[in-house]
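Asks: Handing you a structure now.
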Amino acid sequence: MKDVFEVIHNRRSVREYEPEQLKDEEIEKIINAGIMAPTAKAEEPWYFTVIQNKELLKEINETTIELMKNSGDEFLESIAKSRRNILHNAPTVVVVSGNEKASHIQADCSAAIENMLLAAEGLNIGSCWIGLLASYFKDEKNVANLNIPKEYIPLYGVSFGYKANDNQGNPRRNKDVVNWIR
């Protein structure tokens, strides 16, 4: 088993995956790591939708690109113009939704996602947090395709798959962001 600090140090967003589907046990471990995240008021406001259907993943990607094309956002429109697959051709995408009645769904669901990203790295599985799905989630018909319970709001997607290559780089980090008060 990998050391937790090694996992944190080595985790990178993976944008190229092998086509082979993950094993159910691996996904269950990753989802369980999300469920174990800290949560405000013990609300556990998350809901996880695991998508492995290739046709649905293709439809989500294509619809999102079309929506981003005319978004009025220069960044989103440039991504749409590139026609790259925003799900990175991942065999599995997990949509993380939050209960609209909970007090801190963004923070709680983000903690769950981070746990899942680290669990995936610990299993040598690639992952990438996908905020671009916000365009897809704005349309109620799209959300209905995901069978998410009514009281939950889809927030983010996370792609998972076996890494196509192990050399994901080691980006520099700004270490001058700490103030000690003693």
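Order determines the names: the first chain of the structure tokens is A, the second B, and so forth; residues in each chain are numbered 1 upward, and ligands are numbered 1 upward as they are shown.
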Could you pull out all residues of range 11-172 of chain A with a DSSP call of helix (DSSP H, G or I) and give them as a ChimeraX atom specification?
Replies: /A:24-35,40-42,54-69,74-82,105-122,131-137,140-144
Asks: I want to know what sits within 12 Å of Ala119 in chain A, based on only C-alpha atoms, with residues of the same chain fewer than 2 positions away left out; could you give that as a ChimeraX atom specification?
Replies: /A:1-4,6-8,10-11,26-37,112-117,121-127,160
Asks: Expressed in Å to a single decimal, how great is the separation between CA of Val95 in chain A and CA of Tyr17 in chain A?
Replies: 17.9 Å
Asks: Looking only at strand (DSSP E or B) from DSSP on the backbone, list the matching residues of range 4-176 of chain A as a PyMOL selection string.
Replies: chain A and resi 13+17+46-51+92-99+125-130+152-163
Asks: For a quick check of understanding, using only C-alpha atoms, which of A:Asn85, A:Asn179, A:Asn165, A:Thr49 has the smallest distance to Asn61 in chain A?
Replies: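 For Asn61 in chain A, the nearest of the given residues is A:Asn85.
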Asks: Record the distance separating CA of Ile51 in chain A and CA of Val93 in chain A, expressed in Å with one decimal.
Replies: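 Answer for the CA of Ile51 in chain A to CA of Val93 in chain A separation: 5.2 Å.
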Asks: Residues near Ala107 in chain A, anyone? I mean within 12 Å using only C-alpha atoms, not counting same-chain ones fewer than 6 positions away, as number ranges by chain.
Replies: A: 37-40, 43-46, 97-98, 113-114, 155
Asks: I'd like the neighbourhood of Tyr156 in chain A as JSON, numbers by chain, where a residue qualifies if any of its atoms comes within 9 Å (using only C-alpha atoms), though same-chain residues fewer than 5 positions away should be ignored.
Replies: {"A": [94, 95, 96, 97, 109, 110, 113, 129, 130, 131, 132, 133, 134, 137]}
